[in-house]
Amino acid sequence: MREYAMVKQTINKDSLPYKLYQKAKRHGVWNPVDIDFSQDKEDWQKLSQVQQQEVLDTIALFIGGEEAVTEDILPMIMAVSKKGWFEEESYLTTFLFEEAKHAEFFSLFLEEIGVTNDLSHLLKPAYRQLFDDILPNAMGRLLEDQSHEAMLDAAVTYNIFAEGVLAETGYWFFYEGLSKINLMPGLMEGIRNIKRDEGRHIGFGTFLIQRLIHEKPELFDRVQERLQELLPIAVALTARDDSDLNVNEDGKHITSLGIEEGKSMEYALKQLTARIEVLSRAKGKTLEEINETDVIFE
Ligand SMILES: [Fe+2]
Ligand SMILES: [Fe+2]
């Protein structure tokens, strides 16, 4: 028999996913189509060829990643549905909608600046390994297997690694670079919105893993093992060719958009450490306390 949470009025409105659902309905409703890219179109022409290439290299990763995560989130929604976690499922309805909009946003940007060619050649092998193989496998497994282990592997790969380590860092640095040169306001506006949406997504993953560890404490070690396996991908993706770097007045190696070499890995590890710290404390907490944990990292 179906457990009707809404009919029985047992829905937990204080649960973190339900609170994220409320936030998403307020903040996740921006429309990529409403963003004005007319200035971006002009600014694009002001960039040097090397800067244009850096923008395209980065956008190719973003758009590919957003498309992949849109496609791959469905098994997670089905898994929480099978478990009868209506609060989680309510939140995830907004998640899928947002990921599709993120992919759409970059597609509109490329269209506006007049880039219409296939960008697949810009995706590195390590990127392909993650998004063509590791991520869809971890997520697809949830269709058959909703065990704590399978849910945890999926959330670590998707939310903590792909969104937390890679996307969040990528967006942060790209945004910093664009702010310095003060160009392409439409692109910046969209990335600001995406960053806020992604904060909720990563927050959801961090909550879910805490819940799983709370129910099965030995799983914390599995989080660390899984991340160890994935970290070489982050290293490969953040590495830059020396030929792409310049030296600034302070002797620092920087990209054409002014992003300092090595800084992104540093930032990624700092964010990751903070999240592992939250996860490590889940063992001794009650579910109520986990629901109270502030998991949005700005
Ligand atoms: Fe996204
Ligand atoms: Fe996301």
# chains A, B, ... in the order shown; residues from 1 in each chain; ligands from 1
>>> residues_near_ligand(ligand="ligand 2", cutoff="7 Å", atoms="only C-alpha atoms and all ligand atoms", output="PDB file with C-alpha atoms, in the first residue's frame")
ATOM      1  CA  GLU A  99      19.861  21.686 -14.730  1.00  0.00           C
ATOM      2  CA  GLU A 163      28.966  19.756  -8.867  1.00  0.00           C
ATOM      3  CA  ASP A 197      21.148  27.045  -7.896  1.00  0.00           C
ATOM      4  CA  GLU A 198      24.237  24.860  -7.594  1.00  0.00           C
ATOM      5  CA  HIS A 201      22.141  21.148  -5.363  1.00  0.00           C
TER       6      HIS A 201
END
>>> closest_atom_pairs(of="chain A", to="ligand 1", cutoff="12 Å", atoms="only C-alpha atoms and all ligand atoms", output="tab-separated table")
residue	atom	partner	partner_atom_place_in_ligand_line	distance
A:Gly28	CA	ligand 1	1 (Fe)	11.2
A:Leu61	CA	ligand 1	1 (Fe)	11.6
A:Phe62	CA	ligand 1	1 (Fe)	8.4
A:Ile63	CA	ligand 1	1 (Fe)	9.0
A:Gly64	CA	ligand 1	1 (Fe)	10.3
A:Gly65	CA	ligand 1	1 (Fe)	7.7
A:Glu66	CA	ligand 1	1 (Fe)	5.0
A:Glu67	CA	ligand 1	1 (Fe)	8.4
A:Ala68	CA	ligand 1	1 (Fe)	9.4
A:Val69	CA	ligand 1	1 (Fe)	7.1
A:Thr70	CA	ligand 1	1 (Fe)	7.7
A:Glu71	CA	ligand 1	1 (Fe)	11.3
A:Asp72	CA	ligand 1	1 (Fe)	11.6
A:Ile73	CA	ligand 1	1 (Fe)	10.8
A:Thr94	CA	ligand 1	1 (Fe)	11.4
A:Phe95	CA	ligand 1	1 (Fe)	8.5
A:Leu96	CA	ligand 1	1 (Fe)	8.9
A:Phe97	CA	ligand 1	1 (Fe)	9.6
A:Glu98	CA	ligand 1	1 (Fe)	6.6
A:Glu99	CA	ligand 1	1 (Fe)	4.4
A:Ala100	CA	ligand 1	1 (Fe)	7.6
A:Lys101	CA	ligand 1	1 (Fe)	7.9
A:His102	CA	ligand 1	1 (Fe)	5.3
A:Ala103	CA	ligand 1	1 (Fe)	7.3
A:Glu104	CA	ligand 1	1 (Fe)	10.3
A:Phe105	CA	ligand 1	1 (Fe)	10.2
A:Phe106	CA	ligand 1	1 (Fe)	10.7
A:Tyr158	CA	ligand 1	1 (Fe)	10.8
A:Asn159	CA	ligand 1	1 (Fe)	10.2
A:Ala162	CA	ligand 1	1 (Fe)	9.8
A:Glu163	CA	ligand 1	1 (Fe)	7.4
A:Gly164	CA	ligand 1	1 (Fe)	10.6
A:Leu166	CA	ligand 1	1 (Fe)	11.1
A:Ala167	CA	ligand 1	1 (Fe)	7.8
A:Glu168	CA	ligand 1	1 (Fe)	9.3
A:Gly170	CA	ligand 1	1 (Fe)	11.6
A:Tyr171	CA	ligand 1	1 (Fe)	10.2
A:Gly190	CA	ligand 1	1 (Fe)	11.1
A:Ile191	CA	ligand 1	1 (Fe)	9.9
A:Arg192	CA	ligand 1	1 (Fe)	11.7
A:Asn193	CA	ligand 1	1 (Fe)	10.0
A:Ile194	CA	ligand 1	1 (Fe)	6.4
A:Lys195	CA	ligand 1	1 (Fe)	8.2
A:Arg196	CA	ligand 1	1 (Fe)	9.8
A:Asp197	CA	ligand 1	1 (Fe)	7.2
A:Glu198	CA	ligand 1	1 (Fe)	5.9
A:Gly199	CA	ligand 1	1 (Fe)	9.7
A:Arg200	CA	ligand 1	1 (Fe)	10.3
A:His201	CA	ligand 1	1 (Fe)	8.2
A:Ile202	CA	ligand 1	1 (Fe)	10.1
>>> select_by_dssp(residues="range 129-269 of chain A", states="helix (DSSP H, G or I)", output="VMD selection string")
chain A and resid 129 to 143 148 to 181 185 to 215 219 to 238 242 to 244 263 to 269
>>> residues_around(residues="Leu130 in chain A", least_positions_apart="6", cutoff="9 Å", atoms="only C-alpha atoms", output="JSON, numbers by chain")
{"A": [136, 157, 162, 230, 233]}
>>> residues_around(residues="Ile259 in chain A", least_positions_apart="5", cutoff="10 Å", atoms="only C-alpha atoms", output="PyMOL selection string")
chain A and resi 173-178+180+245+252-254+264
>>> closest_residue(among="A:Ala234, A:Met6, A:Ala138, A:Val29", to="Val156 in chain A", atoms="only C-alpha atoms")
A:Ala138
>>> residues_around(residues="Arg275 in chain A", least_positions_apart="3", cutoff="9 Å", atoms="only C-alpha atoms", output="PyMOL selection string")
chain A and resi 160+206+270-272+278-280+295+297
>>> write_last_selection(atoms="N, CA and C atoms", output="mmCIF file, in the first residue's frame")
data_model
loop_
_atom_site.group_PDB
_atom_site.id
_atom_site.type_symbol
_atom_site.label_atom_id
_atom_site.label_comp_id
_atom_site.auth_asym_id
_atom_site.auth_seq_id
_atom_site.Cartn_x
_atom_site.Cartn_y
_atom_site.Cartn_z
ATOM 1 N N ILE A 160 28.883 15.890 -4.805
ATOM 2 C CA ILE A 160 30.113 16.348 -4.136
ATOM 3 C C ILE A 160 31.236 16.549 -5.158
ATOM 4 N N THR A 206 24.914 16.945 0.111
ATOM 5 C CA THR A 206 25.591 16.874 1.415
ATOM 6 C C THR A 206 24.604 16.383 2.475
ATOM 7 N N LYS A 270 39.598 23.334 -0.618
ATOM 8 C CA LYS A 270 39.093 24.032 0.573
ATOM 9 C C LYS A 270 37.587 23.734 0.750
ATOM 10 N N GLN A 271 36.837 23.840 -0.334
ATOM 11 C CA GLN A 271 35.399 23.571 -0.272
ATOM 12 C C GLN A 271 35.133 22.099 0.076
ATOM 13 N N LEU A 272 35.957 21.228 -0.539
ATOM 14 C CA LEU A 272 35.777 19.796 -0.305
ATOM 15 C C LEU A 272 36.055 19.454 1.156
ATOM 16 N N VAL A 278 31.707 18.323 7.519
ATOM 17 C CA VAL A 278 30.278 18.210 7.853
ATOM 18 C C VAL A 278 29.869 16.732 7.850
ATOM 19 N N LEU A 279 30.315 15.998 6.818
ATOM 20 C CA LEU A 279 29.934 14.587 6.698
ATOM 21 C C LEU A 279 30.502 13.760 7.850
ATOM 22 N N SER A 280 31.707 14.117 8.277
ATOM 23 C CA SER A 280 32.362 13.330 9.336
ATOM 24 C C SER A 280 31.607 13.458 10.656
ATOM 25 N N VAL A 295 24.029 23.596 5.074
ATOM 26 C CA VAL A 295 24.855 22.908 4.086
ATOM 27 C C VAL A 295 25.076 23.739 2.826
ATOM 28 N N PHE A 297 27.101 26.320 1.065
ATOM 29 C CA PHE A 297 28.386 27.006 1.199
ATOM 30 C C PHE A 297 28.452 28.091 0.124
#
>>> closest_residue(among="A:Gln210, A:Thr169, A:Gln146, A:Thr58", to="Ile290 in chain A", atoms="only C-alpha atoms")
A:Gln210
